[in-house]
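Input: a single structure, listed below in structure tokens.
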Amino acid sequence: MNVITKTDRIYFKVGTDIGPAFIERVISFDWHMGMSWRVRQRSSISMHEAIRRHEPNSEILEVSTKSTDYNLGKSLSAFNLMLKGVRVENIFQSSKVFNDGGPYLDLLNVEPSVAKKDPRIQSLKSRRLTAFSFAKKIYPVEPKSFFYDYVYISALNENKYLLNDVIKYNIFTDIEFNQKVPYSETKGPFNCQARSCAICVWLIKKGLLDDYLRSPEKLIGRIYPAQARQCELFGEM
């Protein structure tokens, strides 16, 4: 039996000329109950239909295996997209530095689902995420999705055939992503491959992608909402 209810999700629109690079908007749509990817795909299609009623000229891409373009959605998943032969999810999880340990580079060589669930990188009440360490550089934990976005966009740039598909769209969704508060608030989750895609397209349209890949910290003020707290924790290891 196909049970349908109402739900809300955030979608990410490529930002304006002056920034920020992405615009978050909440959309209400019909949610199809069920766990299979086909049922989730129906929810994704419903979400896109609702978005088009508000954004009639939109080109929308679901950035997950629930996409109607399954192969593209799967390739863009952080569990599959690779940077220098390593999956984005593994890079992100292995680079975490806590007040009592890390980074945990052995997580580069396990399945992404294993890396994500490793107890050493779980942010518990007694632990605090202090930085990310990747390729002999230190990156800050603020703005909230900064490091994740940087790794994901770097991987997109390395896989030009995917980048060429992504730039055809101006709105991105991830049906599994369920952020509860605006980006400028203090609690997440915030890392989302759909947001990273929106930022990447904005950078390309502004002719800033190469500058970003060289020095992402210099564009924080233009990419992220004004409320995002800037952090000076950048440097070489």
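Chain lettering (A, B, ...) mirrors the order of the structure tokens, residue numbering begins at 1 for each chain separately, and ligand numbering begins at 1 in order of display.
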Just want the 12 Å neighbourhood of A:Asp69, counted on only C-alpha atoms, with same-chain residues fewer than 6 positions away dropped. Output as a PyMOL selection string. chain A and resi 41+44-45+60-63+75-76+165-166
Selected residues written out with C-alpha atoms, as a PDB file, in the first residue's frame:
```
ATOM      1  CA  GLN A  41      12.653   8.206  -5.904  1.00  0.00           C
ATOM      2  CA  SER A  44      12.200  12.933  -4.905  1.00  0.00           C
ATOM      3  CA  ILE A  45      10.014  13.365  -7.998  1.00  0.00           C
ATOM      4  CA  ILE A  60      16.726  20.372 -10.881  1.00  0.00           C
ATOM      5  CA  LEU A  61      19.045  17.476 -10.080  1.00  0.00           C
ATOM      6  CA  GLU A  62      18.641  14.960  -7.262  1.00  0.00           C
ATOM      7  CA  VAL A  63      22.193  14.266  -6.098  1.00  0.00           C
ATOM      8  CA  SER A  75      28.320   8.822  -9.338  1.00  0.00           C
ATOM      9  CA  LEU A  76      27.780  12.085  -7.434  1.00  0.00           C
ATOM     10  CA  ASP A 165      26.696  17.374 -16.235  1.00  0.00           C
ATOM     11  CA  VAL A 166      26.358  19.261 -12.962  1.00  0.00           C
TER      12      VAL A 166
END
```
Identify, with DSSP run on backbone atoms, the residues in stretch 7-87 of chain A assigned to strand (DSSP E), and express the list as a PyMOL selection string. chain A and resi 7-14+22-32+60-62+82-83+86-87
May I have a table of the residues of stretch 146-225 of chain A lying at most 6 Å from stretch 9-13 of chain A, giving each one's closest pair of atoms and their distance in Å to one decimal, counting only C-alpha atoms, ordered by chain and ascending residue number, as CSV?
```
residue,atom,partner,partner_atom,distance
A:Asn170,CA,A:Lys13,CA,5.9
A:Ile171,CA,A:Lys13,CA,4.4
A:Phe172,CA,A:Phe12,CA,5.2
A:Thr173,CA,A:Tyr11,CA,5.1
A:Arg195,CA,A:Phe12,CA,5.7
```
Write the residues you've just listed into a file as an mmCIF file, in the first residue's frame, and include all heavy atoms for each of them.
```cif
data_model
loop_
_atom_site.group_PDB
_atom_site.id
_atom_site.type_symbol
_atom_site.label_atom_id
_atom_site.label_comp_id
_atom_site.auth_asym_id
_atom_site.auth_seq_id
_atom_site.Cartn_x
_atom_site.Cartn_y
_atom_site.Cartn_z
ATOM 1 N N ASN A 170 20.519 24.309 -11.986
ATOM 2 C CA ASN A 170 20.597 25.471 -11.091
ATOM 3 C C ASN A 170 19.941 25.239 -9.733
ATOM 4 O O ASN A 170 19.964 26.112 -8.873
ATOM 5 C CB ASN A 170 20.002 26.717 -11.748
ATOM 6 C CG ASN A 170 18.541 26.534 -12.140
ATOM 7 O OD1 ASN A 170 17.895 25.549 -11.799
ATOM 8 N ND2 ASN A 170 18.018 27.497 -12.884
ATOM 9 N N ILE A 171 19.367 24.058 -9.534
ATOM 10 C CA ILE A 171 18.807 23.673 -8.235
ATOM 11 C C ILE A 171 19.200 22.225 -7.962
ATOM 12 O O ILE A 171 19.120 21.370 -8.852
ATOM 13 C CB ILE A 171 17.274 23.840 -8.190
ATOM 14 C CG1 ILE A 171 16.907 25.325 -8.190
ATOM 15 C CG2 ILE A 171 16.675 23.143 -6.962
ATOM 16 C CD1 ILE A 171 15.422 25.587 -8.195
ATOM 17 N N PHE A 172 19.576 21.955 -6.710
ATOM 18 C CA PHE A 172 20.032 20.619 -6.334
ATOM 19 C C PHE A 172 19.317 20.159 -5.071
ATOM 20 O O PHE A 172 19.073 20.949 -4.150
ATOM 21 C CB PHE A 172 21.548 20.628 -6.109
ATOM 22 C CG PHE A 172 22.320 21.019 -7.339
ATOM 23 C CD1 PHE A 172 22.640 22.352 -7.576
ATOM 24 C CD2 PHE A 172 22.709 20.069 -8.267
ATOM 25 C CE1 PHE A 172 23.336 22.732 -8.715
ATOM 26 C CE2 PHE A 172 23.403 20.436 -9.412
ATOM 27 C CZ PHE A 172 23.710 21.765 -9.637
ATOM 28 N N THR A 173 18.990 18.869 -5.043
ATOM 29 C CA THR A 173 18.325 18.273 -3.896
ATOM 30 C C THR A 173 19.023 16.983 -3.490
ATOM 31 O O THR A 173 19.730 16.356 -4.288
ATOM 32 C CB THR A 173 16.849 17.951 -4.198
ATOM 33 O OG1 THR A 173 16.787 16.938 -5.221
ATOM 34 C CG2 THR A 173 16.104 19.191 -4.673
ATOM 35 N N ARG A 195 24.279 20.829 -1.645
ATOM 36 C CA ARG A 195 24.791 22.173 -1.414
ATOM 37 C C ARG A 195 26.136 22.356 -2.102
ATOM 38 O O ARG A 195 26.399 23.394 -2.721
ATOM 39 C CB ARG A 195 24.940 22.456 0.079
ATOM 40 C CG ARG A 195 25.480 23.862 0.346
ATOM 41 C CD ARG A 195 25.908 24.090 1.778
ATOM 42 N NE ARG A 195 24.765 24.178 2.667
ATOM 43 C CZ ARG A 195 24.461 23.264 3.581
ATOM 44 N NH1 ARG A 195 25.214 22.170 3.691
ATOM 45 N NH2 ARG A 195 23.404 23.412 4.356
#
```
Mind checking which residues fall within 9 Å of A:Phe29, counting only C-alpha atoms, ignoring those fewer than 2 positions away in the same chain, and posting them as an mmCIF file with N, CA, C and O atoms, in the first residue's frame?
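Resulting contents of out_6.cif:
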```cif
data_model
loop_
_atom_site.group_PDB
_atom_site.id
_atom_site.type_symbol
_atom_site.label_atom_id
_atom_site.label_comp_id
_atom_site.auth_asym_id
_atom_site.auth_seq_id
_atom_site.Cartn_x
_atom_site.Cartn_y
_atom_site.Cartn_z
ATOM 1 N N THR A 5 2.265 11.038 3.026
ATOM 2 C CA THR A 5 2.093 12.074 4.019
ATOM 3 C C THR A 5 2.770 13.341 3.517
ATOM 4 O O THR A 5 3.313 13.360 2.413
ATOM 5 N N LYS A 6 2.748 14.393 4.305
ATOM 6 C CA LYS A 6 3.410 15.636 3.933
ATOM 7 C C LYS A 6 4.714 15.780 4.708
ATOM 8 O O LYS A 6 4.801 15.396 5.884
ATOM 9 N N THR A 7 5.712 16.336 4.064
ATOM 10 C CA THR A 7 6.967 16.613 4.750
ATOM 11 C C THR A 7 7.609 17.848 4.143
ATOM 12 O O THR A 7 7.171 18.353 3.102
ATOM 13 N N ASP A 8 8.659 18.341 4.785
ATOM 14 C CA ASP A 8 9.429 19.484 4.304
ATOM 15 C C ASP A 8 10.880 19.067 4.109
ATOM 16 O O ASP A 8 11.412 18.251 4.872
ATOM 17 N N ARG A 9 11.514 19.633 3.109
ATOM 18 C CA ARG A 9 12.938 19.460 2.886
ATOM 19 C C ARG A 9 13.519 20.766 2.365
ATOM 20 O O ARG A 9 12.811 21.605 1.806
ATOM 21 N N ILE A 27 10.744 23.454 1.047
ATOM 22 C CA ILE A 27 9.598 23.104 0.211
ATOM 23 C C ILE A 27 8.794 21.999 0.888
ATOM 24 O O ILE A 27 9.356 21.070 1.476
ATOM 25 N N TRP A 31 5.267 12.951 0.689
ATOM 26 C CA TRP A 31 6.298 11.976 1.031
ATOM 27 C C TRP A 31 5.693 10.579 0.948
ATOM 28 O O TRP A 31 4.698 10.279 1.568
ATOM 29 N N SER A 43 9.359 10.043 -3.898
ATOM 30 C CA SER A 43 9.366 11.228 -3.040
ATOM 31 C C SER A 43 10.211 12.333 -3.655
ATOM 32 O O SER A 43 9.849 13.517 -3.609
ATOM 33 N N SER A 46 8.263 13.925 -6.404
ATOM 34 C CA SER A 46 7.240 14.785 -5.810
ATOM 35 C C SER A 46 7.846 16.105 -5.328
ATOM 36 O O SER A 46 7.255 17.182 -5.507
ATOM 37 N N MET A 47 9.027 16.028 -4.726
ATOM 38 C CA MET A 47 9.722 17.231 -4.272
ATOM 39 C C MET A 47 10.041 18.155 -5.442
ATOM 40 O O MET A 47 9.822 19.365 -5.377
ATOM 41 N N HIS A 48 10.523 17.585 -6.527
ATOM 42 C CA HIS A 48 10.870 18.386 -7.704
ATOM 43 C C HIS A 48 9.630 19.032 -8.327
ATOM 44 O O HIS A 48 9.677 20.185 -8.782
ATOM 45 N N GLU A 49 8.532 18.316 -8.342
ATOM 46 C CA GLU A 49 7.291 18.881 -8.875
ATOM 47 C C GLU A 49 6.850 20.089 -8.044
ATOM 48 O O GLU A 49 6.397 21.106 -8.590
ATOM 49 N N ALA A 50 6.995 19.962 -6.718
ATOM 50 C CA ALA A 50 6.628 21.075 -5.841
ATOM 51 C C ALA A 50 7.553 22.271 -6.053
ATOM 52 O O ALA A 50 7.107 23.427 -6.060
ATOM 53 N N ILE A 51 8.849 22.001 -6.229
ATOM 54 C CA ILE A 51 9.799 23.092 -6.467
ATOM 55 C C ILE A 51 9.453 23.831 -7.754
ATOM 56 O O ILE A 51 9.458 25.067 -7.812
#
```
In Å, how far is it from atom CA of A:Asn109 to atom CA of A:Ile121?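 Going from atom CA of A:Asn109 over to atom CA of A:Ile121, I get 15.0 Å.
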With a distance cut-off of 9 Å and only C-alpha atoms, select the neighbouring residues of stretch 203-217 of chain A, excluding the residue or stretch itself and same-chain residues fewer than 3 positions from it, and output the selection as a VMD selection string. chain A and resid 17 21 139 146 150 153 to 154 157 167 198 to 200 220 to 221 223 232 234
Output file for the residues above (N, CA and C atoms, as a short mmCIF file (atom, residue, chain, number, x, y, z; two decimals), in the first residue's frame):
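Saved as part05.cif:
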```cif
data_model
loop_
_atom_site.label_atom_id
_atom_site.label_comp_id
_atom_site.auth_asym_id
_atom_site.auth_seq_id
_atom_site.Cartn_x
_atom_site.Cartn_y
_atom_site.Cartn_z
N ASP A 17 24.70 36.82 -8.13
CA ASP A 17 26.01 37.32 -8.54
C ASP A 17 26.85 37.80 -7.36
N ALA A 21 26.85 31.90 -2.25
CA ALA A 21 26.90 31.00 -3.41
C ALA A 21 25.69 30.10 -3.52
N TYR A 139 42.39 22.69 8.20
CA TYR A 139 41.19 23.42 7.80
C TYR A 139 40.28 23.61 9.01
N PHE A 146 32.29 23.93 5.31
CA PHE A 146 33.40 24.42 4.50
C PHE A 146 34.32 23.31 3.99
N TYR A 150 34.72 21.80 0.19
CA TYR A 150 36.01 21.92 -0.51
C TYR A 150 36.46 20.57 -1.07
N ILE A 153 33.96 19.57 -3.99
CA ILE A 153 34.16 20.36 -5.21
C ILE A 153 35.49 20.04 -5.86
N SER A 154 36.51 19.77 -5.08
CA SER A 154 37.80 19.35 -5.63
C SER A 154 37.65 18.04 -6.40
N ASN A 157 35.85 18.67 -9.69
CA ASN A 157 36.76 19.27 -10.66
C ASN A 157 37.68 18.22 -11.27
N ILE A 167 26.88 21.29 -14.22
CA ILE A 167 26.71 22.71 -14.56
C ILE A 167 25.46 22.97 -15.41
N ALA A 198 25.69 23.11 -5.71
CA ALA A 198 25.22 24.48 -5.94
C ALA A 198 26.38 25.47 -5.84
N ILE A 199 27.23 25.29 -4.84
CA ILE A 199 28.38 26.16 -4.67
C ILE A 199 29.32 26.03 -5.87
N CYS A 200 29.55 24.81 -6.33
CA CYS A 200 30.44 24.57 -7.46
C CYS A 200 29.95 25.28 -8.71
N ILE A 220 35.55 32.53 1.59
CA ILE A 220 34.54 32.20 2.59
C ILE A 220 33.46 33.28 2.66
N GLY A 221 33.89 34.54 2.71
CA GLY A 221 32.94 35.63 2.85
C GLY A 221 31.96 35.76 1.71
N ILE A 223 31.06 33.02 -0.34
CA ILE A 223 30.34 31.77 -0.56
C ILE A 223 29.22 31.55 0.45
N GLU A 232 40.04 31.53 11.65
CA GLU A 232 41.37 31.79 11.09
C GLU A 232 42.26 30.54 11.11
N PHE A 234 43.76 28.16 9.54
CA PHE A 234 44.27 27.60 8.30
C PHE A 234 45.77 27.52 8.44
#
```
